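Student: Sharing final.tsv here; it has TSV, C-alpha atoms.
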```tsv
chain	number	residue	atom	x	y	z
A	1	MET	CA	16.14	-24.91	-2.76
A	2	ARG	CA	13.75	-24.28	-5.66
A	3	VAL	CA	11.18	-21.63	-4.77
A	4	ALA	CA	8.19	-20.58	-6.87
A	5	ILE	CA	6.71	-17.13	-6.21
A	6	ILE	CA	3.19	-16.56	-7.52
A	7	GLY	CA	2.79	-12.90	-8.41
A	8	GLN	CA	5.55	-10.51	-9.40
A	9	GLY	CA	4.27	-7.21	-8.11
A	10	TYR	CA	6.34	-5.18	-5.65
A	11	VAL	CA	5.97	-7.94	-3.02
A	12	GLY	CA	6.77	-10.96	-5.19
A	13	LYS	CA	9.59	-9.20	-6.99
A	14	ALA	CA	11.29	-8.09	-3.75
A	15	LEU	CA	10.94	-11.58	-2.31
A	16	GLY	CA	12.33	-13.13	-5.49
A	17	LEU	CA	15.41	-10.91	-5.40
A	18	ALA	CA	16.02	-11.63	-1.72
A	19	ALA	CA	15.57	-15.41	-2.09
A	20	SER	CA	17.73	-15.49	-5.22
A	21	SER	CA	20.50	-13.55	-3.49
A	22	ALA	CA	20.37	-16.08	-0.65
A	23	GLY	CA	21.15	-18.88	-3.10
A	24	HIS	CA	17.69	-20.25	-3.77
A	25	GLN	CA	16.66	-21.21	-7.30
A	26	VAL	CA	13.70	-18.91	-7.94
A	27	ILE	CA	10.94	-19.05	-10.54
A	28	GLY	CA	8.51	-16.15	-10.58
A	29	ILE	CA	5.03	-16.62	-12.03
A	30	GLU	CA	3.28	-13.61	-13.54
A	31	ASN	CA	0.15	-13.76	-15.71
A	32	ASN	CA	0.24	-10.12	-16.79
A	33	SER	CA	1.87	-10.35	-20.24
A	34	VAL	CA	3.06	-6.72	-20.28
A	35	LYS	CA	4.65	-6.99	-16.84
A	36	LEU	CA	6.08	-10.40	-17.71
A	37	LYS	CA	7.88	-8.97	-20.72
A	38	GLU	CA	9.30	-6.10	-18.67
A	39	LEU	CA	10.50	-8.37	-15.87
A	40	SER	CA	12.02	-11.12	-18.01
A	41	SER	CA	15.00	-8.97	-18.95
A	42	ALA	CA	15.27	-7.05	-15.68
A	43	LEU	CA	15.54	-9.74	-13.01
A	44	SER	CA	18.30	-12.06	-11.89
A	45	TYR	CA	15.92	-15.03	-11.72
A	46	GLU	CA	13.54	-16.71	-14.16
A	47	VAL	CA	10.04	-15.31	-14.66
A	48	ALA	CA	7.33	-17.13	-16.58
A	49	GLY	CA	3.61	-17.13	-17.20
A	50	ASP	CA	3.30	-20.91	-17.22
A	51	TYR	CA	2.28	-22.54	-13.93
A	52	SER	CA	3.81	-25.86	-15.04
A	53	LYS	CA	7.18	-24.32	-14.12
A	54	VAL	CA	6.09	-24.58	-10.47
A	55	SER	CA	5.85	-28.37	-10.40
A	56	SER	CA	9.48	-29.04	-9.42
A	57	SER	CA	9.52	-26.49	-6.56
A	58	SER	CA	9.72	-27.45	-2.90
A	59	ILE	CA	8.35	-24.11	-1.67
A	60	VAL	CA	5.55	-22.10	-3.26
A	61	VAL	CA	4.88	-18.56	-2.05
A	62	ILE	CA	1.61	-16.83	-2.91
A	63	ALA	CA	2.12	-13.06	-3.28
A	64	VAL	CA	-0.88	-11.83	-5.25
A	65	PRO	CA	-3.05	-8.72	-4.80
A	66	THR	CA	-5.89	-8.73	-2.26
A	67	PRO	CA	-7.91	-5.62	-3.16
A	68	LEU	CA	-11.38	-4.51	-2.13
A	69	ASP	CA	-14.44	-5.08	-4.32
A	70	GLU	CA	-16.96	-2.44	-5.35
A	71	LYS	CA	-18.59	-2.72	-1.92
A	72	ARG	CA	-15.17	-2.22	-0.30
A	73	GLU	CA	-15.16	-5.74	1.05
A	74	PRO	CA	-12.33	-8.31	0.67
A	75	ASP	CA	-11.73	-9.62	-2.83
A	76	LEU	CA	-9.84	-12.93	-2.69
A	77	SER	CA	-10.31	-13.74	-6.37
A	78	PHE	CA	-6.56	-13.50	-7.09
A	79	ILE	CA	-5.72	-15.87	-4.23
A	80	LYS	CA	-8.41	-18.36	-5.27
A	81	SER	CA	-7.36	-18.23	-8.93
A	82	ALA	CA	-3.71	-18.82	-7.98
A	83	CYS	CA	-4.70	-21.79	-5.84
A	84	GLN	CA	-6.75	-23.36	-8.61
A	85	SER	CA	-3.84	-22.97	-11.03
A	86	LEU	CA	-1.44	-24.48	-8.50
A	87	LYS	CA	-3.76	-27.38	-7.81
A	88	ALA	CA	-3.55	-28.37	-11.48
A	89	VAL	CA	0.27	-28.66	-11.48
A	90	LEU	CA	1.33	-29.72	-7.97
A	91	ASP	CA	1.72	-33.48	-8.06
A	92	SER	CA	3.79	-33.93	-4.90
A	93	PRO	CA	3.64	-32.33	-1.42
A	94	VAL	CA	5.23	-28.87	-1.07
A	95	LEU	CA	5.36	-26.09	1.50
A	96	ILE	CA	2.85	-23.41	0.51
A	97	ILE	CA	3.31	-20.01	2.14
A	98	ASN	CA	0.86	-17.15	1.86
A	99	GLU	CA	2.38	-13.66	1.92
A	100	SER	CA	-0.71	-11.94	0.52
A	101	THR	CA	-2.43	-9.77	3.12
A	102	SER	CA	-5.83	-11.10	4.11
A	103	PHE	CA	-8.16	-11.61	7.05
A	104	PRO	CA	-7.48	-14.20	9.77
A	105	GLY	CA	-8.42	-17.68	8.60
A	106	THR	CA	-7.51	-17.19	4.94
A	107	LEU	CA	-4.71	-19.77	4.99
A	108	ARG	CA	-6.68	-22.32	6.99
A	109	ASN	CA	-10.16	-21.85	5.53
A	110	VAL	CA	-9.56	-20.67	1.95
A	111	ILE	CA	-6.14	-21.70	0.65
A	112	ALA	CA	-5.69	-25.11	2.29
A	113	PRO	CA	-9.16	-26.45	1.36
A	114	ILE	CA	-8.61	-25.60	-2.31
A	115	LEU	CA	-5.15	-27.16	-2.53
A	116	GLY	CA	-5.76	-30.19	-0.34
A	117	SER	CA	-4.38	-31.81	2.80
A	118	ASN	CA	-1.23	-33.36	1.32
A	119	HIS	CA	0.72	-30.04	1.45
A	120	LEU	CA	2.30	-28.09	4.30
A	121	TYR	CA	0.94	-24.58	4.86
A	122	GLY	CA	2.47	-21.46	6.35
A	123	SER	CA	1.65	-17.78	6.69
A	124	ALA	CA	4.28	-15.01	6.51
A	125	PRO	CA	2.49	-11.72	5.69
A	126	GLU	CA	4.56	-9.24	3.68
A	127	ARG	CA	5.83	-6.12	5.42
A	128	ILE	CA	7.23	-4.16	2.49
A	129	ASP	CA	7.24	-0.36	2.49
A	130	PRO	CA	8.00	0.82	-1.06
A	131	ALA	CA	10.76	3.45	-1.35
A	132	ASN	CA	11.78	2.98	2.28
A	133	GLU	CA	15.57	3.07	2.22
A	134	SER	CA	15.96	2.13	5.89
A	135	TRP	CA	13.77	-0.95	6.15
A	136	GLY	CA	13.55	-3.81	3.65
A	137	ILE	CA	13.02	-7.56	3.57
A	138	GLU	CA	16.39	-8.32	5.16
A	139	ASN	CA	16.10	-6.19	8.31
A	140	THR	CA	12.32	-6.06	8.85
A	141	PRO	CA	11.27	-8.76	11.34
A	142	ARG	CA	9.20	-11.48	9.68
A	143	LEU	CA	6.20	-13.10	11.39
A	144	VAL	CA	5.77	-16.79	10.55
A	145	SER	CA	3.38	-19.56	11.52
A	146	GLY	CA	2.19	-22.80	9.98
A	147	LEU	CA	-0.81	-25.07	10.20
A	148	SER	CA	1.55	-27.68	11.64
A	149	ASP	CA	4.83	-27.66	13.55
A	150	GLU	CA	6.60	-29.08	10.50
A	151	ALA	CA	5.27	-26.28	8.29
A	152	THR	CA	6.33	-23.65	10.84
A	153	THR	CA	9.83	-25.10	11.12
A	154	LYS	CA	10.35	-25.24	7.36
A	155	ALA	CA	8.96	-21.74	6.83
A	156	ILE	CA	11.27	-20.34	9.53
A	157	GLU	CA	14.24	-22.07	7.90
A	158	PHE	CA	13.37	-20.52	4.53
A	159	TYR	CA	12.94	-16.95	5.79
A	160	LYS	CA	16.02	-17.13	8.01
A	161	SER	CA	18.10	-17.61	4.86
A	162	PHE	CA	17.56	-13.93	3.98
A	163	CYS	CA	15.84	-12.26	6.99
A	164	LYS	CA	17.83	-11.22	10.05
A	165	GLU	CA	14.93	-11.80	12.42
A	166	VAL	CA	12.12	-14.35	12.06
A	167	ILE	CA	9.46	-14.40	14.77
A	168	PRO	CA	7.30	-17.51	15.13
A	169	VAL	CA	3.74	-16.93	16.38
A	170	SER	CA	1.24	-19.45	17.67
A	171	SER	CA	-1.02	-19.64	14.63
A	172	PRO	CA	-1.42	-18.33	11.07
A	173	GLU	CA	-4.42	-16.35	12.31
A	174	VAL	CA	-2.17	-14.37	14.68
A	175	ALA	CA	0.25	-13.57	11.83
A	176	GLU	CA	-2.63	-12.58	9.52
A	177	ALA	CA	-4.27	-10.41	12.19
A	178	ALA	CA	-0.98	-8.74	13.15
A	179	LYS	CA	-0.45	-7.51	9.59
A	180	LEU	CA	-3.95	-6.04	9.50
A	181	PHE	CA	-3.61	-4.44	12.92
A	182	GLU	CA	-0.28	-2.79	12.02
A	183	ASN	CA	-1.87	-0.84	9.21
A	184	THR	CA	-5.15	-0.29	11.05
A	185	PHE	CA	-3.07	1.40	13.76
A	186	ARG	CA	-1.73	3.79	11.13
A	187	GLN	CA	-5.15	4.36	9.57
A	188	VAL	CA	-6.72	5.23	12.91
A	189	ASN	CA	-3.92	7.61	13.92
A	190	ILE	CA	-3.89	9.31	10.52
A	191	ALA	CA	-7.65	9.76	10.81
A	192	LEU	CA	-7.18	11.27	14.27
A	193	VAL	CA	-4.63	13.81	13.08
A	194	ASN	CA	-6.71	14.59	9.98
A	195	GLU	CA	-9.71	15.25	12.20
A	196	PHE	CA	-7.52	17.42	14.40
A	197	ALA	CA	-6.51	19.39	11.28
A	198	LEU	CA	-10.18	20.25	10.80
A	199	ILE	CA	-10.44	21.32	14.42
A	200	ALA	CA	-7.23	23.38	14.26
A	201	GLU	CA	-8.42	25.20	11.14
A	202	ALA	CA	-11.69	26.08	12.85
A	203	LEU	CA	-9.76	27.33	15.89
A	204	GLY	CA	-7.38	29.33	13.74
A	205	ILE	CA	-4.21	27.58	14.88
A	206	SER	CA	-1.48	25.66	13.06
A	207	THR	CA	-1.84	21.88	12.97
A	208	PHE	CA	1.86	21.33	12.31
A	209	GLU	CA	3.02	23.69	15.06
A	210	THR	CA	0.66	22.00	17.51
A	211	ILE	CA	1.95	18.54	16.57
A	212	LYS	CA	5.53	19.76	16.95
A	213	ALA	CA	4.68	21.14	20.37
A	214	ALA	CA	3.00	17.91	21.46
A	215	SER	CA	6.00	15.93	20.19
A	216	SER	CA	8.21	17.62	22.77
A	217	LYS	CA	6.74	15.25	25.35
A	218	PRO	CA	9.28	12.41	25.61
A	219	TYR	CA	6.70	9.71	26.30
A	220	GLY	CA	3.09	8.81	25.57
A	221	PHE	CA	2.87	10.57	22.19
A	222	MET	CA	3.67	9.50	18.64
A	223	PRO	CA	3.45	12.19	15.93
A	224	PHE	CA	1.42	11.60	12.77
A	225	MET	CA	1.12	14.22	10.04
A	226	PRO	CA	-2.19	15.39	8.51
A	227	SER	CA	-2.67	14.57	4.85
A	228	ILE	CA	-4.94	14.58	1.86
A	229	GLY	CA	-5.96	11.06	2.87
A	230	VAL	CA	-4.39	7.61	2.63
A	231	GLY	CA	-3.42	5.59	-0.42
A	232	GLY	CA	-1.64	2.47	-1.62
A	233	HIS	CA	-2.61	-1.13	-1.14
A	234	CYS	CA	-2.14	-1.38	2.62
A	235	ILE	CA	-3.48	1.44	4.77
A	236	PRO	CA	-6.76	2.13	2.90
A	237	VAL	CA	-7.40	-1.61	2.45
A	238	ASP	CA	-6.15	-3.63	5.44
A	239	PRO	CA	-8.47	-2.00	8.01
A	240	SER	CA	-11.44	-3.01	5.85
A	241	TYR	CA	-10.21	-6.61	5.92
A	242	LEU	CA	-10.02	-6.43	9.72
A	243	SER	CA	-13.46	-4.82	9.93
A	244	PHE	CA	-14.84	-7.57	7.68
A	245	ALA	CA	-13.35	-10.25	9.93
A	246	ALA	CA	-14.84	-8.51	12.96
A	247	ARG	CA	-18.32	-8.48	11.40
A	248	GLN	CA	-17.98	-12.15	10.49
A	249	ALA	CA	-17.22	-12.82	14.16
A	250	GLY	CA	-20.19	-10.74	15.32
A	251	VAL	CA	-18.17	-7.73	16.53
A	252	ASP	CA	-18.89	-4.12	15.58
A	253	ALA	CA	-15.62	-2.47	14.44
A	254	SER	CA	-17.08	1.04	14.67
A	255	PHE	CA	-13.77	2.72	15.53
A	256	ILE	CA	-12.05	1.26	12.44
A	257	ASP	CA	-15.00	2.09	10.20
A	258	LEU	CA	-15.02	5.70	11.44
A	259	ALA	CA	-11.29	6.04	10.71
A	260	ASN	CA	-11.89	4.76	7.18
A	261	LYS	CA	-14.67	7.30	6.75
A	262	VAL	CA	-12.65	10.26	8.09
A	263	ASN	CA	-9.71	9.61	5.77
A	264	ALA	CA	-11.93	8.92	2.76
A	265	LEU	CA	-13.64	12.31	3.22
A	266	MET	CA	-10.41	14.35	3.34
A	267	PRO	CA	-10.19	15.05	-0.43
A	268	GLU	CA	-13.75	16.43	-0.39
A	269	TYR	CA	-12.98	18.60	2.63
A	270	ILE	CA	-9.80	19.91	1.00
A	271	ALA	CA	-11.59	20.64	-2.28
A	272	ALA	CA	-14.11	22.75	-0.35
A	273	ARG	CA	-11.28	24.61	1.43
A	274	ILE	CA	-9.55	25.26	-1.89
A	275	ALA	CA	-12.76	26.70	-3.29
A	276	LYS	CA	-12.94	29.00	-0.27
A	277	LEU	CA	-9.27	29.95	-0.71
A	278	LEU	CA	-10.01	30.98	-4.29
A	279	GLY	CA	-12.86	33.21	-3.19
A	280	GLY	CA	-15.54	30.64	-3.85
A	281	LYS	CA	-15.06	31.05	-7.60
A	282	ILE	CA	-13.33	27.84	-8.63
A	283	SER	CA	-15.04	27.28	-11.98
A	284	GLY	CA	-12.59	27.84	-14.81
A	285	LYS	CA	-9.60	28.27	-12.50
A	286	LYS	CA	-6.37	26.64	-13.69
A	287	ILE	CA	-5.16	24.23	-11.04
A	288	GLN	CA	-2.20	21.88	-11.32
A	289	ILE	CA	-1.46	19.00	-8.98
A	290	ALA	CA	2.14	17.89	-8.45
A	291	GLY	CA	2.38	14.22	-7.50
A	292	ILE	CA	-0.62	11.94	-8.06
A	293	SER	CA	0.84	8.66	-6.77
A	294	TYR	CA	-0.09	7.67	-3.24
A	295	LYS	CA	3.42	8.10	-1.81
A	296	ALA	CA	6.58	10.09	-2.46
A	297	ASP	CA	9.10	8.52	-4.86
A	298	VAL	CA	6.87	5.63	-5.98
A	299	SER	CA	4.73	5.41	-9.13
A	300	ASP	CA	1.86	3.44	-7.57
A	301	THR	CA	-1.50	5.24	-7.89
A	302	ARG	CA	-3.64	2.61	-6.14
A	303	GLU	CA	-6.18	4.25	-3.83
A	304	SER	CA	-4.33	7.57	-4.23
A	305	PRO	CA	-6.32	10.40	-2.57
A	306	ALA	CA	-4.73	12.87	-5.00
A	307	LEU	CA	-6.81	11.30	-7.76
A	308	VAL	CA	-9.96	11.75	-5.69
A	309	LEU	CA	-9.07	15.40	-5.04
A	310	MET	CA	-8.53	15.94	-8.76
A	311	ALA	CA	-11.96	14.49	-9.53
A	312	LYS	CA	-13.60	16.65	-6.85
A	313	LEU	CA	-11.98	19.82	-8.18
A	314	ARG	CA	-13.09	18.99	-11.71
A	315	GLU	CA	-16.62	18.41	-10.46
A	316	LEU	CA	-16.51	21.97	-9.11
A	317	GLY	CA	-15.59	23.24	-12.59
A	318	ALA	CA	-11.84	23.74	-12.20
A	319	ASP	CA	-9.46	23.16	-15.12
A	320	VAL	CA	-7.15	20.60	-13.50
A	321	SER	CA	-3.90	19.19	-14.91
A	322	TRP	CA	-1.24	17.14	-13.15
A	323	HIS	CA	2.51	16.64	-13.08
A	324	ASP	CA	4.06	13.35	-12.06
A	325	GLU	CA	6.96	12.01	-14.11
A	326	LEU	CA	7.08	8.81	-12.07
A	327	VAL	CA	3.51	7.97	-13.05
A	328	GLY	CA	3.86	9.33	-16.59
A	329	ALA	CA	0.37	8.41	-17.77
A	330	PHE	CA	-2.88	7.65	-16.02
A	331	ASN	CA	-6.43	7.08	-17.28
A	332	GLU	CA	-5.54	8.20	-20.82
A	333	GLU	CA	-3.95	11.41	-19.51
A	334	LYS	CA	-0.25	12.26	-19.48
A	335	SER	CA	1.89	14.15	-17.05
A	336	SER	CA	2.16	17.83	-18.01
A	337	LYS	CA	5.02	20.22	-17.32
A	338	LEU	CA	4.60	22.64	-14.43
A	339	GLU	CA	3.14	25.86	-15.82
A	340	VAL	CA	1.59	29.18	-14.87
A	341	VAL	CA	-1.61	28.40	-12.98
A	342	ASP	CA	-4.02	30.01	-10.56
A	343	LEU	CA	-3.14	27.40	-7.96
A	344	GLY	CA	-0.40	24.79	-7.67
A	345	ILE	CA	-1.01	21.89	-5.29
A	346	ILE	CA	1.78	19.69	-3.95
A	347	ALA	CA	-0.15	16.51	-3.21
A	348	THR	CA	2.77	14.07	-3.16
A	349	ALA	CA	6.26	15.55	-2.84
A	350	HIS	CA	8.53	13.43	-5.04
A	351	SER	CA	12.26	14.07	-4.66
A	352	GLY	CA	13.92	16.39	-7.14
A	353	VAL	CA	10.82	18.14	-8.47
A	354	ASP	CA	11.63	21.67	-9.65
A	355	TYR	CA	8.77	23.94	-8.59
A	356	SER	CA	10.42	27.06	-10.03
A	357	PRO	CA	7.86	27.47	-12.88
A	358	TRP	CA	5.23	28.01	-10.22
A	359	LYS	CA	7.48	30.15	-8.05
A	360	ASN	CA	8.73	32.35	-10.89
A	361	SER	CA	5.22	33.01	-12.10
A	362	GLN	CA	4.13	33.78	-8.54
A	363	SER	CA	1.41	31.17	-8.74
A	364	MET	CA	-0.38	30.45	-5.49
A	365	ILE	CA	1.03	27.22	-4.03
A	366	ILE	CA	-0.31	25.00	-1.26
A	367	ASP	CA	1.39	21.94	0.20
A	368	LEU	CA	-0.78	18.95	1.13
A	369	SER	CA	2.09	16.48	1.42
A	370	THR	CA	3.29	14.88	4.64
A	371	THR	CA	6.88	15.79	3.76
A	372	ALA	CA	8.13	18.37	6.22
A	373	ASN	CA	10.77	20.11	4.12
A	374	THR	CA	9.18	21.08	0.79
A	375	GLY	CA	9.65	24.73	1.62
A	376	TRP	CA	6.05	25.66	0.90
A	377	GLN	CA	3.26	26.70	3.22
A	378	LYS	CA	1.38	23.70	4.64
A	379	PHE	CA	-2.33	23.82	3.94
A	380	LEU	CA	-3.48	21.51	6.73
```
What would you get if you wrote out this structure as structure tokens?

Tutor:
Amino acid sequence: MRVAIIGQGYVGKALGLAASSAGHQVIGIENNSVKLKELSSALSYEVAGDYSKVSSSSIVVIAVPTPLDEKREPDLSFIKSACQSLKAVLDSPVLIINESTSFPGTLRNVIAPILGSNHLYGSAPERIDPANESWGIENTPRLVSGLSDEATTKAIEFYKSFCKEVIPVSSPEVAEAAKLFENTFRQVNIALVNEFALIAEALGISTFETIKAASSKPYGFMPFMPSIGVGGHCIPVDPSYLSFAARQAGVDASFIDLANKVNALMPEYIAARIAKLLGGKISGKKIQIAGISYKADVSDTRESPALVLMAKLRELGADVSWHDELVGAFNEEKSSKLEVVDLGIIATAHSGVDYSPWKNSQSMIIDLSTTANTGWQKFL
């Protein structure tokens, strides 16, 4: 089967590799010329920037970014642009599947009206966790639903060719909402434990020891670790899509909005605690942050709270540098080697980082990561 995948980010690329390995003829479409050049020689399937390559496909999967705009509301410009480009080249009916995360009703009320009624439409929201070695496309259950029984059947057949478990749901809106709720669940629980970290600090007790103690209960409790905040495309973004959908339906999503607020304020709270740790005299202090991506062992800096913390510390007058060989360069700055500093901050604990330059110089080190075994004193 010939499958076209619109968008070759971490979602589209992973899908392309899985579909290609299952025997499908895959064409990936990517309009970023730099990324296109990098991918052309690195993938086992064809990648192009020309939408005309899509015309002979029987399945088209949309896997483009769905970020937030400057008001932190859903930005569907990438989805709409992809649909307009597809409309110009699709001459015969195809199955169009949306994997891009969005609010309930996106497939039915946004994508289908642009592309027209002669196609079949399905929703199968992505569930990819970058750098997760235990769960990938093959063994993560896939939710699928179509706007018609025929679309659902064909979408299930496609995903079953490379997914061990495909779960049909009653409507695309259920599949779309489930994806948002999964990550809203994480956002809310991370906000709860981050708020508890503030309470524990005020009470003079250890957050991590308390969580470990609570985790001894064999039922009714799920441990989450306090952090500098949340980053990446999913957890800081998806709850805002769900909150937007709630407002559109006339429902106040105050619990979700509060969780967003709590996590967004963590870098500011931590910057204030660091200033206190340094005796209130942070101006001119040399501070280095290890790990500025949003997650360990990935290079993605989208919505990374480490970047917000860095900005806050600089606003307070600190001389802040950063070390992250996976990121390499960001915002016209480059990763610097670990050096003698007044304070070293482990924001994201990438594997294999040698912290000995800090240790040997007896620099003060604090660990803000959610990784349990860095060996350094947890700050939260």

Student: As a PyMOL selection string, please: the residues near Ser161 in chain A (cut-off 9 Å, all atoms listed in the file, same-chain neighbours under 6 positions excluded).

Tutor: chain A and resi 19+22-23

Student: For Lys160 in chain A, which of A:Leu143, A:Leu95, A:Leu326, A:Leu278 is the closest residue, counting all atoms listed in the file?

Tutor: A:Leu143

Student: Quick one: pull the distance between CA of Asn183 in chain A and CA of Cys234 in chain A, Å, one decimal.

Tutor: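 It comes out at 6.6 Å.
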
Student: Give me the residues of range 179-239 of chain A that have any atom at most 12 Å from an atom of range 105-125 of chain A; for each, the nearest atom pair and the distance in Å, rounded to one decimal. Use all atoms listed in the file, sort by chain and number, and format it as a Markdown table.

Tutor:
```
| residue | atom | partner | partner_atom | distance |
| --- | --- | --- | --- | --- |
| A:Lys179 | CA | A:Pro125 | CA | 6.4 |
| A:Leu180 | CA | A:Pro125 | CA | 9.4 |
| A:Phe181 | CA | A:Pro125 | CA | 11.9 |
| A:Glu182 | CA | A:Pro125 | CA | 11.3 |
| A:Cys234 | CA | A:Pro125 | CA | 11.7 |
| A:Asp238 | CA | A:Pro125 | CA | 11.8 |
```

Student: Residues of range 288-358 of chain A within 9 Å of range 270-277 of chain A: nearest atom pair and distance (Å, one decimal) for each, counting only C-alpha atoms, sorted by chain and number, as JSON lines?

Tutor:
```
{"residue": "A:Leu309", "atom": "CA", "partner": "A:Ala271", "partner_atom": "CA", "distance": 6.4}
{"residue": "A:Met310", "atom": "CA", "partner": "A:Ala271", "partner_atom": "CA", "distance": 8.6}
{"residue": "A:Lys312", "atom": "CA", "partner": "A:Ala271", "partner_atom": "CA", "distance": 6.4}
{"residue": "A:Leu313", "atom": "CA", "partner": "A:Ala271", "partner_atom": "CA", "distance": 6.0}
{"residue": "A:Leu316", "atom": "CA", "partner": "A:Ala275", "partner_atom": "CA", "distance": 8.4}
```

Student: Select, from A:Ile29, A:Met364, A:Ala318, A:Ala131, the residue with the minimum atom-to-atom distance to Ser299 in chain A, counting all atoms listed in the file.

Tutor: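 Closest residue, counting all atoms listed in the file: A:Ala131.
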
Student: Could you please determine the separation between CA of Ile228 in chain A and CA of Leu307 in chain A in Å, to one decimal place?

Tutor: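 Between these atoms lies a distance of 10.3 Å.
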
Student: Please, what distance in Å, to one decimal, runs between CA of Leu86 in chain A and CA of Leu15 in chain A?

Tutor: 18.9 Å

Student: Taking all atoms listed in the file into account, which of A:Val188, A:Ala214, A:Val193, A:Leu90 comes nearest Pro239 in chain A?

Tutor: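 Checking each of A:Val188, A:Ala214, A:Val193, A:Leu90 against Pro239 in chain A, counting all atoms listed in the file, the winner is A:Val188.
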
Student: Ranking A:Gly9, A:Thr152, A:Asp297, A:Leu203 by minimum distance to Glu38 in chain A and counting all atoms listed in the file, which one comes first?

Tutor: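 Closest residue, counting all atoms listed in the file: A:Gly9.
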
Student: Write out as a PyMOL selection string each polymer residue whose atoms come within 12 Å of Phe196 in chain A, counting all atoms listed in the file; drop sequence neighbours fewer than 4 positions from it.

Tutor: chain A and resi 189-192+200-208+210-211+224-227+262-263+266+380

Student: Just to be explicit: take each residue in the selection above, keep C-alpha atoms, and write the result as a PDB file, in the frame of the given file.

Tutor:
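Result went into out.pdb, see below:
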```pdb
ATOM      1  CA  ASN A 189      -3.920   7.610  13.920  1.00  0.00           C
ATOM      2  CA  ILE A 190      -3.890   9.310  10.520  1.00  0.00           C
ATOM      3  CA  ALA A 191      -7.650   9.760  10.810  1.00  0.00           C
ATOM      4  CA  LEU A 192      -7.180  11.270  14.270  1.00  0.00           C
ATOM      5  CA  ALA A 200      -7.230  23.380  14.260  1.00  0.00           C
ATOM      6  CA  GLU A 201      -8.420  25.200  11.140  1.00  0.00           C
ATOM      7  CA  ALA A 202     -11.690  26.080  12.850  1.00  0.00           C
ATOM      8  CA  LEU A 203      -9.760  27.330  15.890  1.00  0.00           C
ATOM      9  CA  GLY A 204      -7.380  29.330  13.740  1.00  0.00           C
ATOM     10  CA  ILE A 205      -4.210  27.580  14.880  1.00  0.00           C
ATOM     11  CA  SER A 206      -1.480  25.660  13.060  1.00  0.00           C
ATOM     12  CA  THR A 207      -1.840  21.880  12.970  1.00  0.00           C
ATOM     13  CA  PHE A 208       1.860  21.330  12.310  1.00  0.00           C
ATOM     14  CA  THR A 210       0.660  22.000  17.510  1.00  0.00           C
ATOM     15  CA  ILE A 211       1.950  18.540  16.570  1.00  0.00           C
ATOM     16  CA  PHE A 224       1.420  11.600  12.770  1.00  0.00           C
ATOM     17  CA  MET A 225       1.120  14.220  10.040  1.00  0.00           C
ATOM     18  CA  PRO A 226      -2.190  15.390   8.510  1.00  0.00           C
ATOM     19  CA  SER A 227      -2.670  14.570   4.850  1.00  0.00           C
ATOM     20  CA  VAL A 262     -12.650  10.260   8.090  1.00  0.00           C
ATOM     21  CA  ASN A 263      -9.710   9.610   5.770  1.00  0.00           C
ATOM     22  CA  MET A 266     -10.410  14.350   3.340  1.00  0.00           C
ATOM     23  CA  LEU A 380      -3.480  21.510   6.730  1.00  0.00           C
TER      24      LEU A 380
END
```

Student: Excluding Ala63 in chain A and residues on its chain fewer than 4 positions from it, collect all residues at most 8 Å away from it, counting only C-alpha atoms, and give them as a PyMOL selection string.

Tutor: chain A and resi 5-9+11-12+98-100

Student: Name the closest residue to Ile96 in chain A among the candidates A:Ile167, A:Ala48, A:Ala259, A:Ala82; distances are taken between atoms, counting all atoms listed in the file.

Tutor: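 Of the candidates, the smallest distance to Ile96 in chain A is held by A:Ala82.
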